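Remarks on the structure that follows.
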Amino acid sequence: MAKRIVLCRNAVETLTYFSRQLAEAFEARGYEIFWMDLDKTGLSAWKLRQAAAGPSAAGTETVFLTFNFIGLSGEEEWYALDDDGKPSASIWEQLGIRCLNILVDHPIYYYRALKYPLPEMQVFCIDRDHAAYMKRFYPEIPCAFLPPAGNRLLEDGQGYQGKECADFAKDSFEEWDHRPYPLVFTANYVPAAHLEKQLNQLEPEYRAFYDAIIQSLMHNPKQDLLSCIEGFFRREIPDLSDAQLCEGMSSMPVVDLWVRTRFREKTIQALADGGIKVHLFGKDWEQISCRHPENLIVTGRMVTSAECVQATAQAKLSLNTMPWFKDGAHDRIFTSMLCGAAAFTDDSRYLREQFTDMDTIIYYGLSQLEALPQQVTELLSDPQRLFGIACRGKRVAVECHQWKNRAGVLEKYVAGVK
């Protein structure tokens with residue numbers, strides 16, 4: 001039977017970049033790739049209907065693979081309208097196409113979408129805590145754990161320049177030692193003041209409740225979101241049902257964003273104020289407040305995924321701050337490894353199972369950020385040791401943590417085998 005994978009592009013740049021690497025992997029496995037273009041939703045829908053009804057449709061198994069409900073969120077031209085003119089059946093339901101949906105954020109961000117799921121949808125979470133959340137609150141939706149993967153540099157004539165990351169990361173110490181960036185961080189900055197605006201709209205009683213949760217997470221960053229927040233809810237309402245708790249959790253993304261944003265900010269402040277120069281690739285870092293901003297070398301703009309790969313492939317040490325994933329990973333870690341940079345990150349249970357500190361990865365503690373400058377100084381003062389960590393991490397990532405590895409796992413679900 002012929003096999004077709006439908007993917008989305010031109011919605012979120014990073015997710016399109018992930019999708020392109022999955023497309024390459026599935027094409028190598030003999031799949032036809034069909035792109036749904038979010039810039040041309042009507043034309044994409046028409047072309048998919050033609051492909052589904054054309055002469056090649058017979059005997060073709062088609063599966064839709066997406067991230068974060070893209071294509072499943074009421075895109076107007078991908079839904080049929082009922083008698084009242086409201087969206088009813090999606091194009092996937094109309095054409096009998098199963099959906100594989102990878103959530104790269106906590107499920108609390110998708111409360112409304114998860115409340116009314118497609119009947120033929122398989123969800124994947126990139127943190128095992130998130131998968132456990134799905135199984136507890138949405139047991140009717142099949143869910144599995146699938147970590148993200150590292151990015152390679154892709155060339156497509158759309159402004160992506162530079163060599164393949166493998167060329168940057170040859171296992172040669174002399175070449176690696178000449179990399180121009182001792183420490184790099186590829187991420188945007190969101191001033192906490194922006195999130196404060198949301199919190200300031202709350203009634204004083206509710207604001208105090210949110211602040212108490214935030215302070216608990218800040219004081220004990222080992223906690224996962226659900227365990228912490230559920231404790232606060234149950235102190236207020238002991239007989240709270242799971243349905244009520246799930247609804248309450250849907251109001252908590254601002255807590256998640258505030259805490260992860262504040263730790264990202266504190267991490268960079270600790271490094272800069274401790275005398276460490278950090279090359280920052282991402283927007284708005286010029287807005288961060290610290291005593292020694294001269295130690296921050298900023299791009300001053302949004303950068304593409306390809307530019308992040310290029311920057312990382314020219315770094316010796318690549319910083320990551322986890323988006324409050326306590327049993328998962330972030331793609332930035334695997335990208336660092338693929339690019340031959342030593343990955344420097346706060347930990348998680350999943351990461352501790354996969355990588356050994358000072359062997360294939362380097363961990364730091366969110367509760368000991370004051371120790372970061374000394375830790376980085378010591379790492380950079382022993383380049384041979386740091387190079388060894390980078391090389392060992394790269395070998396593991398090349399073997400196990402590329403998007404082609406994730407395509408191998410997803411293929412079982414594409415075939416309907418779980």
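Each chain of the structure tokens is named A, B, ... in the order shown, its residues numbered from 1; ligands are numbered from 1 in display order.
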Polymer residues at most 12 Å from A:Gln244, only C-alpha atoms, same-chain spacing of 6 or more positions, as a list in words: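 After dropping sequence-adjacent residues, the list is Phe137, Glu230, Phe233, Arg234, Ile237, Pro238, Ser250 and Ser251 of chain A.
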Generate a file of the selected residues that holds N, CA, C and O atoms, formatted as an mmCIF file, in the first residue's frame.
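Once everything was written out, this is out_18.cif:
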```cif
data_model
loop_
_atom_site.group_PDB
_atom_site.id
_atom_site.type_symbol
_atom_site.label_atom_id
_atom_site.label_comp_id
_atom_site.auth_asym_id
_atom_site.auth_seq_id
_atom_site.Cartn_x
_atom_site.Cartn_y
_atom_site.Cartn_z
ATOM 1 N N PHE A 137 -6.255 12.992 32.759
ATOM 2 C CA PHE A 137 -7.376 13.895 32.514
ATOM 3 C C PHE A 137 -8.066 13.678 31.174
ATOM 4 O O PHE A 137 -9.200 14.112 30.989
ATOM 5 N N GLU A 230 -1.779 21.415 42.005
ATOM 6 C CA GLU A 230 -2.860 20.611 42.586
ATOM 7 C C GLU A 230 -2.868 20.751 44.107
ATOM 8 O O GLU A 230 -3.945 20.836 44.728
ATOM 9 N N PHE A 233 -4.644 23.963 44.939
ATOM 10 C CA PHE A 233 -6.091 23.862 44.688
ATOM 11 C C PHE A 233 -6.775 23.042 45.778
ATOM 12 O O PHE A 233 -7.850 23.412 46.272
ATOM 13 N N ARG A 234 -6.176 21.925 46.161
ATOM 14 C CA ARG A 234 -6.840 21.028 47.117
ATOM 15 C C ARG A 234 -6.834 21.588 48.538
ATOM 16 O O ARG A 234 -7.690 21.223 49.345
ATOM 17 N N ILE A 237 -9.990 23.664 48.020
ATOM 18 C CA ILE A 237 -11.199 22.873 47.749
ATOM 19 C C ILE A 237 -10.812 21.401 47.866
ATOM 20 O O ILE A 237 -10.450 20.759 46.878
ATOM 21 N N PRO A 238 -10.886 20.813 49.064
ATOM 22 C CA PRO A 238 -10.415 19.439 49.283
ATOM 23 C C PRO A 238 -11.106 18.392 48.412
ATOM 24 O O PRO A 238 -10.474 17.401 48.024
ATOM 25 N N SER A 250 -6.250 24.920 33.359
ATOM 26 C CA SER A 250 -6.247 25.633 32.082
ATOM 27 C C SER A 250 -5.997 27.126 32.246
ATOM 28 O O SER A 250 -5.701 27.816 31.267
ATOM 29 N N SER A 251 -6.109 27.630 33.475
ATOM 30 C CA SER A 251 -5.832 29.052 33.719
ATOM 31 C C SER A 251 -4.392 29.279 34.161
ATOM 32 O O SER A 251 -4.013 30.411 34.487
#
```
Running DSSP on the backbone, which parts of stretch 40-229 of chain A land in alpha helix (DSSP H), as number ranges by chain? A: 41-53, 91-95, 111-115, 128-137, 165-168, 173-177, 192-200, 204-219, 225-229
As a count of residues only, please: the residues near stretch 31-39 of chain A (cut-off 12 Å, only C-alpha atoms, same-chain neighbours under 3 positions excluded). 58
For the structure I just gave you, how does DSSP split stretch 164-409 of chain A - specifically, which residues are strand (DSSP E)? Reply as a list in words. Tyr181, Pro182, Leu183, Val184, Phe185, Thr186, Val278, His279, Leu280, Phe281, Leu296, Ile297, Val298, Ala315, Lys316, Leu317, Ser318, Leu319, Asn320, Ala342, Ala343, Phe344, Thr345, Ile362 and Tyr363 of chain A
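Nearest to A:Gly365 of all the residues A:Cys290, A:His279, A:Ala313, A:Asn220 is A:Asn220, counting only C-alpha atoms.
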Please provide as a VMD selection string all residues within 12 Å of A:Pro139, with the sequence filter that same-chain residues fewer than 5 positions apart are discarded (counting only C-alpha atoms). chain A and resid 114 to 115 117 122 to 123 131 to 134 144 242 to 243
Could you tell me which of A:Met302, A:Leu369, A:Leu118, A:Leu183 comes closest to A:Ala270 if we count only C-alpha atoms? A:Leu369
Can you tell me, as a list in words, what residues are no more than 8 Å from A:Asp273 when counting only C-alpha atoms, ignoring any on the same chain fewer than 6 positions away?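 In the requested form, the answer reads Cys290, Arg291, His292, Pro293 and Asn295 of chain A.
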Write a file of the just-selected residues containing N, CA and C atoms, as a compact mmCIF listing (two decimals), in the first residue's frame.
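again.txt, written as the output of this step:
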```txt
# COMPACT_ATOMS: atom_id res chain seq x y z
N CYS A 290 20.68 43.96 34.10
CA CYS A 290 21.75 43.32 34.85
C CYS A 290 22.83 44.35 35.12
N ARG A 291 23.72 44.05 36.05
CA ARG A 291 24.74 45.02 36.44
C ARG A 291 25.84 45.16 35.39
N HIS A 292 26.02 44.11 34.58
CA HIS A 292 27.11 44.14 33.60
C HIS A 292 26.60 43.75 32.21
N PRO A 293 25.77 44.61 31.60
CA PRO A 293 25.24 44.30 30.26
C PRO A 293 26.33 44.20 29.20
N ASN A 295 28.63 42.29 29.15
CA ASN A 295 28.98 40.87 28.96
C ASN A 295 27.97 40.13 28.08
```
Min atom-atom distance to A:Ala341 from the set A:Phe263, A:Trp176, A:Tyr413, A:Tyr206, counting only C-alpha atoms, belongs to A:Trp176
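Using only C-alpha atoms, the contacts of stretch 389-402 of chain A at a cut-off of 6 Å, with sequence neighbours closer than 2 positions omitted, comprise Ala149, Gly150, Met337, Leu338, Gly340, Ala341, Ala342, Asp359, Thr360, Leu386, Phe387, Lys404 and Asn405 of chain A.
You will find atom CA of A:Leu146 at 24.5 Å from atom CA of A:Asn188.
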Which residue gives the smallest distance to A:Ser289 among A:Leu225, A:Ala212, A:Ala193, A:Leu372, with only C-alpha atoms counted? A:Ala193
Which polymer residues have any atom within 10 Å of an atom of A:Val104, counting only C-alpha atoms, with same-chain residues fewer than 2 positions away left out, as a ChimeraX atom specification? /A:15,67-68,101-102,106-107,124-127,130,146-148,329-331
